[in-house]
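**Q** I am attaching a structure below and will ask some questions about it afterwards.
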Number of protein chains: 2
Amino acid sequence: MKNKQIEALRERLGEISDVRSTISLLHWDQQTYMPPKGGASRARQQATLSTIAHQMFTSPELGTLLHRLSDSLEKLDPDDAVLVSETLYDHDRARKLPDGFVRDLAEEEGKAFEAWKEARAKSEFGLFRPHLERLVEFQKRKAELLGFEGSPYNALIEDYERGMTAERLKGIFGDLSRRQSELVNRVVDSPRQPDLTWFDQEWDEGAQWRFGMRVLKDMGYDLEAGRQDKALHPFTASMADVEDVRITTRLDRRDPFSALSSTVHEGGHALYDQGYQPKDWRTPLARGTSMGMHESQSRLWENTIARSLPFWKHYLPVLRDCFPAQLERVTPEQIYRAQNRVKRSLIRVEADECTYNLHIILRFEIEIALLEGDLKVADIPEIWNVKMKKYLGIEVPDDAHGCLQDVHWSSACFGYFPTYALGNLYAAQMFEKILVDIPDLWDHVEQGNFRPLLSWLRDKVHRHGRRRRAPEIIREITGKEPGSEAYFWYLEGKYGSLYGL
Amino acid sequence: MKNKQIEALRERLGEISDVRSTISLLHWDQQTYMPPKGGASRARQQATLSTIAHQMFTSPELGTLLHRLSDSLEKLDPDDAVLVSETLYDHDRARKLPDGFVRDLAEEEGKAFEAWKEARAKSEFGLFRPHLERLVEFQKRKAELLGFEGSPYNALIEDYERGMTAERLKGIFGDLSRRQSELVNRVVDSPRQPDLTWFDQEWDEGAQWRFGMRVLKDMGYDLEAGRQDKALHPFTASMADVEDVRITTRLDRRDPFSALSSTVHEGGHALYDQGYQPKDWRTPLARGTSMGMHESQSRLWENTIARSLPFWKHYLPVLRDCFPAQLERVTPEQIYRAQNRVKRSLIRVEADECTYNLHIILRFEIEIALLEGDLKVADIPEIWNVKMKKYLGIEVPDDAHGCLQDVHWSSACFGYFPTYALGNLYAAQMFEKILVDIPDLWDHVEQGNFRPLLSWLRDKVHRHGRRRRAPEIIREITGKEPGSEAYFWYLEGKYGSLYGL
């Protein structure tokens, strides 16, 4: 028997999904093809469509329908029951933020973003400070409106990593920051540094593009249901569940691995988004279960796979076809080592795998302190620089290369940073089990065959969409809670051997 | 004193404009970059957004506001008064079509479009016939709902060419079809045919692209507020009034003038859309006043200018830089003659300037007969072929090259075809006056200087947007009613001299 209420719900959610994926298109186009003068209109279009989506999703009619269905959850088909409970969760949460609050915050965000751009360009934190102060106040207010236990930060993390708490993150990151920082010291001090003499050449962008497309295709990314374009800041965007998931990359004539990393990274995100089940399309279930889980997919492909020796044993000949002169005498080992060189560096998005989490932990600690009232916005530059010295052993020359480098705070994304590090941890936990389940994985990789890996990820992660939470997926796969142990051993093993520690 | 009601109206219209321009983006993306599997989702997104735009525009609140403002039109600033009356006209008209009718028609359109594609591919009219029968019934019903005087066709033309009637079109086209058909006979029978021996070469697509971009820029198209991309069926789309107006073209390695014509044609449309006044942006006034007037802009640039001898005197050297080997010994006169060769041909979109209107008049007569009940859908193929013989002296080998060639009927666009021919007529009427107002126009064109022409068009046509109706603009410019006389004399003059008649 068909449930008419469920049908009505799916129809309404489908319409909301249409609007949301259209907003994705507005964003994708803005970053890829929109002509320069289109910016002001585009901002208004995004605001109008976002308001419409918000109104549709928080409408009392949808609320009534959801609550009615929720009252007899046990009578529903299990698939439908998950749909109702997850959607009701989102709906109730969205309704906790009054329209006026959402509008005021969006307006302040717009101003803060412009101020941040100027502040970063001039490396003047003072230009951004008053805006950031207001945004922090907005975040505190948001936490109150949403409600929380323990730290107010918990209310904010919830948007990105449902069920994760500041307390658990402190536990996970505390030990990791000490051990990872110590590993970085040993690596950087090692006399066994990679040979980079061959690296300093011109790398044709067209050839880089062709190589990246080849790898994408081999990974299993469906190019009939997606495409790659160029963008200043690479990203993945879904214009339709599974059937239209696009990625972007950026090319650097001086560095052939920059575009490849970004292509494989976004490709990892895109494979997740191309892996949901048809029954979940056009519903809130066709989505990565958390930002951390999403990041685990991109990081696993980018770092574990595409920065491995077996990967380069397969792809060096392919890359050499693109760059015969430049790579005539280069070995897979040289590429492997060059691609995994570790540096104490200032900029998060350029950081290597070995130092990356330290950039995140620093930001996490600052966000927590801001939200819990232990740190004033005005003191951010100082504490930033102290922590960079402590974790990465590096002096920050100016705020543009320090606390002004990231867009997140100006976009009111507080609680987002930790998910980058969580992604690394989840990926490592998963990968331990992947090597058990697919013992000849590296042989497959050395053949350029990623099908066993993709099948595993599809089965254990992708197909669930939001049906399982991130910790549940990690527990199912590993029998353990999310934690840093696997990641640390992965780093220790890889970099210990690379740097002869 | 600011009028609060006008402000509220503008705000609401701005939001509706945001949704409508977003629908344009969905369409643009579908035709340019969307991956193949995105089609089904895209259709749903377009349907959802169109429904939202329709609901916003026909909302009783907007109606109340418009009627209240309309009751005291004389107290309003004249700019605001036009805005209110034009918007109220649209609103009242949109409300005459019940939601159910709009939805059912959209659904039938979707099916008809799929059936048409298959029918055309197989050249089997029977596959499309039942859908077309239903669509004709929908059109008759639509005419009744909208109301009309004289022919029911008048209710449909109104969507594309406000104020034009079947009766006036019959008058305009009747005489023209006879005279134009007779001119085609003389041209085709002339012994003085163009030399095309040099034409049959390979024309690199990249070089064609660069040449087209150069011409676009010279025309005055603002590439900071637009861009050109490739599409199977070239079109112009506004993603934001004036500030984001994009065009598309298609390239043919065997024919360098195909892409150029389409680029200049769409460029002509785009110049119109880049020419509205800021005070009209995000309102229904920032729009071409009619499809015929829009087409007059594209045709004037495409045919009158870019198929002229002075144009080629300027651009042959530029084109020769792109194709030095192919054009080594070719003269401007040879290009001019080749580009204006006349053929009896089957396909409207490939027809030359001299035969084009005859394709339109044939369709117009069939549409009228369908709507007025004088022709059954089943008899379309036969009457099509009879008329092709009569007007163009050509046998139709199959329906794919006959009555199935155009997308319009499957998209429920009845009453649209005549606007293509009207565009030619308007352009010719305008051009007579342009030559009076800018006596050295051809000298400017020969210098590649289009600024005097663009300024004239901006002043007489573009800036008005929908503030003036098409016949009003023609009367203001020429002192005459829309008619075919100027066009016929333009054709007679141009082709008489080209073919030595």
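Going by the structure tokens order, chains are called A, B, ..., each with residues numbered from 1, while ligands are numbered from 1 in the order shown.
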With a distance threshold of 8 Å and counting only C-alpha atoms, extract the residues of chain B near chain A and express them as an mmCIF file with N, CA and C atoms, in the first residue's frame.
**A**
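What ended up in part.cif:
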```cif
data_model
loop_
_atom_site.group_PDB
_atom_site.id
_atom_site.type_symbol
_atom_site.label_atom_id
_atom_site.label_comp_id
_atom_site.auth_asym_id
_atom_site.auth_seq_id
_atom_site.Cartn_x
_atom_site.Cartn_y
_atom_site.Cartn_z
ATOM 1 N N GLU B 15 12.748 40.038 -6.746
ATOM 2 C CA GLU B 15 12.870 38.631 -6.351
ATOM 3 C C GLU B 15 12.398 37.707 -7.475
ATOM 4 N N ASP B 18 15.014 37.551 -9.975
ATOM 5 C CA ASP B 18 16.095 36.654 -9.543
ATOM 6 C C ASP B 18 15.764 35.198 -9.913
ATOM 7 N N VAL B 19 14.525 34.803 -9.669
ATOM 8 C CA VAL B 19 14.143 33.423 -9.975
ATOM 9 C C VAL B 19 14.160 33.200 -11.489
ATOM 10 N N THR B 22 17.581 32.942 -12.822
ATOM 11 C CA THR B 22 18.144 31.647 -12.431
ATOM 12 C C THR B 22 17.638 30.551 -13.375
ATOM 13 N N LEU B 25 19.734 30.525 -16.277
ATOM 14 C CA LEU B 25 21.014 29.848 -16.045
ATOM 15 C C LEU B 25 20.837 28.332 -16.183
ATOM 16 N N LEU B 26 19.739 27.813 -15.652
ATOM 17 C CA LEU B 26 19.469 26.370 -15.798
ATOM 18 C C LEU B 26 19.438 25.994 -17.278
ATOM 19 N N MET B 34 26.239 21.136 -19.101
ATOM 20 C CA MET B 34 25.627 20.057 -18.310
ATOM 21 C C MET B 34 26.044 18.682 -18.827
ATOM 22 N N PRO B 35 26.481 17.781 -17.938
ATOM 23 C CA PRO B 35 26.807 16.431 -18.408
ATOM 24 C C PRO B 35 25.541 15.690 -18.850
ATOM 25 N N PRO B 36 25.693 14.717 -19.761
ATOM 26 C CA PRO B 36 24.530 14.076 -20.384
ATOM 27 C C PRO B 36 23.492 13.526 -19.397
ATOM 28 N N LYS B 37 23.977 12.928 -18.306
ATOM 29 C CA LYS B 37 23.003 12.313 -17.397
ATOM 30 C C LYS B 37 22.206 13.314 -16.572
ATOM 31 N N GLY B 38 22.563 14.589 -16.656
ATOM 32 C CA GLY B 38 21.865 15.586 -15.844
ATOM 33 C C GLY B 38 20.488 15.971 -16.361
ATOM 34 N N SER B 41 17.017 15.420 -14.214
ATOM 35 C CA SER B 41 16.959 16.315 -13.053
ATOM 36 C C SER B 41 16.770 17.754 -13.488
ATOM 37 N N ARG B 42 17.434 18.126 -14.566
ATOM 38 C CA ARG B 42 17.330 19.500 -15.024
ATOM 39 C C ARG B 42 15.890 19.854 -15.394
ATOM 40 N N ARG B 44 13.213 18.639 -14.128
ATOM 41 C CA ARG B 44 12.455 18.852 -12.889
ATOM 42 C C ARG B 44 12.796 20.174 -12.244
ATOM 43 N N GLN B 45 14.082 20.528 -12.256
ATOM 44 C CA GLN B 45 14.479 21.811 -11.663
ATOM 45 C C GLN B 45 13.803 22.967 -12.400
ATOM 46 N N THR B 48 10.133 23.044 -11.414
ATOM 47 C CA THR B 48 9.932 23.566 -10.053
ATOM 48 C C THR B 48 10.156 25.073 -9.995
ATOM 49 N N LEU B 49 11.250 25.521 -10.572
ATOM 50 C CA LEU B 49 11.533 26.965 -10.530
ATOM 51 C C LEU B 49 10.488 27.763 -11.312
ATOM 52 N N LEU B 223 32.195 42.142 -23.084
ATOM 53 C CA LEU B 223 32.607 40.791 -22.663
ATOM 54 C C LEU B 223 32.877 40.689 -21.167
ATOM 55 N N GLU B 224 32.860 41.820 -20.474
ATOM 56 C CA GLU B 224 32.913 41.772 -19.007
ATOM 57 C C GLU B 224 31.518 41.483 -18.448
ATOM 58 N N ALA B 225 30.516 41.657 -19.289
ATOM 59 C CA ALA B 225 29.126 41.447 -18.880
ATOM 60 C C ALA B 225 28.501 40.357 -19.743
ATOM 61 N N GLY B 226 29.326 39.455 -20.225
ATOM 62 C CA GLY B 226 28.827 38.379 -21.071
ATOM 63 C C GLY B 226 29.955 37.467 -21.478
ATOM 64 N N ARG B 227 29.658 36.451 -22.255
ATOM 65 C CA ARG B 227 30.672 35.540 -22.746
ATOM 66 C C ARG B 227 30.066 34.742 -23.890
ATOM 67 N N MET B 239 21.470 36.121 -17.767
ATOM 68 C CA MET B 239 21.520 35.614 -16.401
ATOM 69 C C MET B 239 21.385 36.755 -15.394
ATOM 70 N N ALA B 240 21.425 37.978 -15.901
ATOM 71 C CA ALA B 240 21.179 39.173 -15.083
ATOM 72 C C ALA B 240 20.998 40.310 -16.064
ATOM 73 N N GLU B 243 24.038 43.027 -17.040
ATOM 74 C CA GLU B 243 25.367 42.709 -16.499
ATOM 75 C C GLU B 243 25.829 41.282 -16.763
ATOM 76 N N ASP B 244 24.942 40.422 -17.251
ATOM 77 C CA ASP B 244 25.356 39.050 -17.544
ATOM 78 C C ASP B 244 24.471 38.489 -18.664
#
```
**Q** Using only C-alpha atoms, which residues sit within 12 Å of Arg179 in chain A once same-chain residues fewer than 3 positions away are excluded, as a PDB file with N, CA and C atoms, in the first residue's frame?
**A**
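Listing of around39.pdb after writing:
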```pdb
ATOM      1  N   ILE A 172      40.559  13.746  21.206  1.00  0.00           N
ATOM      2  CA  ILE A 172      41.178  13.171  20.005  1.00  0.00           C
ATOM      3  C   ILE A 172      42.393  13.987  19.567  1.00  0.00           C
ATOM      4  N   PHE A 173      42.223  15.318  19.574  1.00  0.00           N
ATOM      5  CA  PHE A 173      43.277  16.173  19.027  1.00  0.00           C
ATOM      6  C   PHE A 173      44.440  16.389  19.994  1.00  0.00           C
ATOM      7  N   GLY A 174      44.141  16.349  21.310  1.00  0.00           N
ATOM      8  CA  GLY A 174      45.154  16.692  22.304  1.00  0.00           C
ATOM      9  C   GLY A 174      46.407  15.852  22.141  1.00  0.00           C
ATOM     10  N   ASP A 175      46.215  14.549  22.153  1.00  0.00           N
ATOM     11  CA  ASP A 175      47.329  13.630  22.044  1.00  0.00           C
ATOM     12  C   ASP A 175      47.979  13.729  20.657  1.00  0.00           C
ATOM     13  N   LEU A 176      47.107  13.848  19.633  1.00  0.00           N
ATOM     14  CA  LEU A 176      47.597  13.856  18.256  1.00  0.00           C
ATOM     15  C   LEU A 176      48.518  15.049  17.999  1.00  0.00           C
ATOM     16  N   GLU A 182      55.784  16.364  17.037  1.00  0.00           N
ATOM     17  CA  GLU A 182      57.084  15.746  17.315  1.00  0.00           C
ATOM     18  C   GLU A 182      57.580  15.001  16.071  1.00  0.00           C
ATOM     19  N   LEU A 183      56.640  14.342  15.348  1.00  0.00           N
ATOM     20  CA  LEU A 183      57.009  13.637  14.104  1.00  0.00           C
ATOM     21  C   LEU A 183      57.536  14.640  13.060  1.00  0.00           C
ATOM     22  N   VAL A 184      56.839  15.767  12.953  1.00  0.00           N
ATOM     23  CA  VAL A 184      57.269  16.790  11.996  1.00  0.00           C
ATOM     24  C   VAL A 184      58.700  17.226  12.304  1.00  0.00           C
ATOM     25  N   ASN A 185      58.999  17.430  13.574  1.00  0.00           N
ATOM     26  CA  ASN A 185      60.369  17.821  13.953  1.00  0.00           C
ATOM     27  C   ASN A 185      61.388  16.795  13.467  1.00  0.00           C
ATOM     28  N   ARG A 186      61.090  15.521  13.701  1.00  0.00           N
ATOM     29  CA  ARG A 186      62.038  14.484  13.304  1.00  0.00           C
ATOM     30  C   ARG A 186      62.215  14.457  11.778  1.00  0.00           C
ATOM     31  N   CYS A 354      51.792  15.637   6.343  1.00  0.00           N
ATOM     32  CA  CYS A 354      52.410  15.404   7.655  1.00  0.00           C
ATOM     33  C   CYS A 354      52.152  16.559   8.618  1.00  0.00           C
ATOM     34  N   THR A 355      52.015  17.769   8.082  1.00  0.00           N
ATOM     35  CA  THR A 355      51.802  18.932   8.953  1.00  0.00           C
ATOM     36  C   THR A 355      50.342  19.393   9.004  1.00  0.00           C
ATOM     37  N   ASN A 357      47.238  18.474   9.851  1.00  0.00           N
ATOM     38  CA  ASN A 357      46.355  18.487  11.030  1.00  0.00           C
ATOM     39  C   ASN A 357      46.742  19.538  12.059  1.00  0.00           C
ATOM     40  N   LEU A 358      48.026  19.864  12.112  1.00  0.00           N
ATOM     41  CA  LEU A 358      48.474  20.843  13.106  1.00  0.00           C
ATOM     42  C   LEU A 358      47.861  22.217  12.803  1.00  0.00           C
ATOM     43  N   TYR A 391      53.369  24.509  17.445  1.00  0.00           N
ATOM     44  CA  TYR A 391      53.046  23.276  16.712  1.00  0.00           C
ATOM     45  C   TYR A 391      53.919  23.071  15.482  1.00  0.00           C
ATOM     46  N   SER A 484      42.470   8.934  16.783  1.00  0.00           N
ATOM     47  CA  SER A 484      43.638   9.381  16.019  1.00  0.00           C
ATOM     48  C   SER A 484      44.718   8.300  15.887  1.00  0.00           C
ATOM     49  N   GLU A 485      44.514   7.172  16.552  1.00  0.00           N
ATOM     50  CA  GLU A 485      45.577   6.163  16.611  1.00  0.00           C
ATOM     51  C   GLU A 485      45.984   5.676  15.205  1.00  0.00           C
ATOM     52  N   TYR A 487      45.557   7.005  12.353  1.00  0.00           N
ATOM     53  CA  TYR A 487      46.165   8.046  11.545  1.00  0.00           C
ATOM     54  C   TYR A 487      47.610   8.268  11.940  1.00  0.00           C
ATOM     55  N   PHE A 488      47.836   8.302  13.233  1.00  0.00           N
ATOM     56  CA  PHE A 488      49.208   8.539  13.659  1.00  0.00           C
ATOM     57  C   PHE A 488      50.130   7.416  13.181  1.00  0.00           C
ATOM     58  N   TRP A 489      49.664   6.188  13.271  1.00  0.00           N
ATOM     59  CA  TRP A 489      50.512   5.076  12.830  1.00  0.00           C
ATOM     60  C   TRP A 489      50.713   5.079  11.324  1.00  0.00           C
ATOM     61  N   LEU A 491      50.861   7.847   9.494  1.00  0.00           N
ATOM     62  CA  LEU A 491      51.865   8.891   9.260  1.00  0.00           C
ATOM     63  C   LEU A 491      53.260   8.419   9.653  1.00  0.00           C
ATOM     64  N   GLU A 492      53.322   7.847  10.841  1.00  0.00           N
ATOM     65  CA  GLU A 492      54.594   7.360  11.382  1.00  0.00           C
ATOM     66  C   GLU A 492      55.215   6.338  10.413  1.00  0.00           C
TER      67      GLU A 492
END
```
**Q** Could you name the residues that touch range 124-128 of chain A at 7 Å or less, counting only C-alpha atoms, but leaving out those on the same chain fewer than 2 positions away, as a ChimeraX atom specification?
**A** /A:112,115-116,119-120,122,130-132,399,404
**Q** A:Lys389, A:Arg337, A:Arg363, A:Arg299: which is nearest Phe431 in chain A, counting only C-alpha atoms?
**A**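 Using only C-alpha atoms, Phe431 in chain A sits closest to A:Arg299.
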**Q** Between A:Leu309, A:Glu266, A:Glu372, A:Trp198, which has the minimum distance to Val330 in chain A (counting only C-alpha atoms)?
**A**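 So, comparing all the options, the nearest one is A:Trp198.
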**Q** Can you list, as JSON, numbers by chain, all residues belonging to range 245-352 of chain A that DSSP tags as strand (DSSP E or B)?
**A** {"A": [245, 246, 247, 248, 249]}
**Q** With only C-alpha atoms as the counted atoms, please give the residues lying no more than 12 Å from range 451-454 of chain B, apart from itself and same-chain residues fewer than 3 positions off, as a ChimeraX atom specification.
**A** /B:217-221,267-268,270-272,274-275,297,300-301,304-305,430-431,433-445,447-448,457-463
**Q** Quick one: pull the distance between CA of Ser308 in chain A and CA of Ala338 in chain A, Å, one decimal.
**A**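 Distance between the two atoms: 11.2 Å.
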**Q** Any idea what the distance is between CA of Glu350 in chain A and CA of Asn424 in chain A?
**A**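 Calculated distance between CA of Glu350 in chain A and CA of Asn424 in chain A is 15.6 Å.
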**Q** Which polymer residues have any atom within 10 Å of an atom of Glu395 in chain B, counting only C-alpha atoms, with same-chain residues fewer than 5 positions away left out, as a ChimeraX atom specification?
**A** /B:344-346,385-390,402
**Q** Just list as an MDAnalysis selection string whatever in range 260-338 of chain B DSSP marks as alpha helix (DSSP H).
**A** chainID B and resid 260:273 291:299 309:322 332:338
**Q** Determine the nearest neighbour of Thr249 in chain B from the options B:Glu205, B:Asp321, B:Glu86, B:Asp280, counting only C-alpha atoms.
**A**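 Result for the nearest residue to Thr249 in chain B: B:Glu205.
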**Q** Could you please determine the separation between CA of Lys230 in chain B and CA of Ser262 in chain B in Å, to one decimal place?
**A**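 One can read the CA of Lys230 in chain B to CA of Ser262 in chain B distance as 10.8 Å.
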**Q** From the options B:Tyr315, B:Gly500, B:Gln405, B:Pro482, which residue's atoms come nearest to Glu118 in chain B, counting only C-alpha atoms?
**A**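 Residue with the minimum atom-to-atom distance to Glu118 in chain B: B:Gln405.
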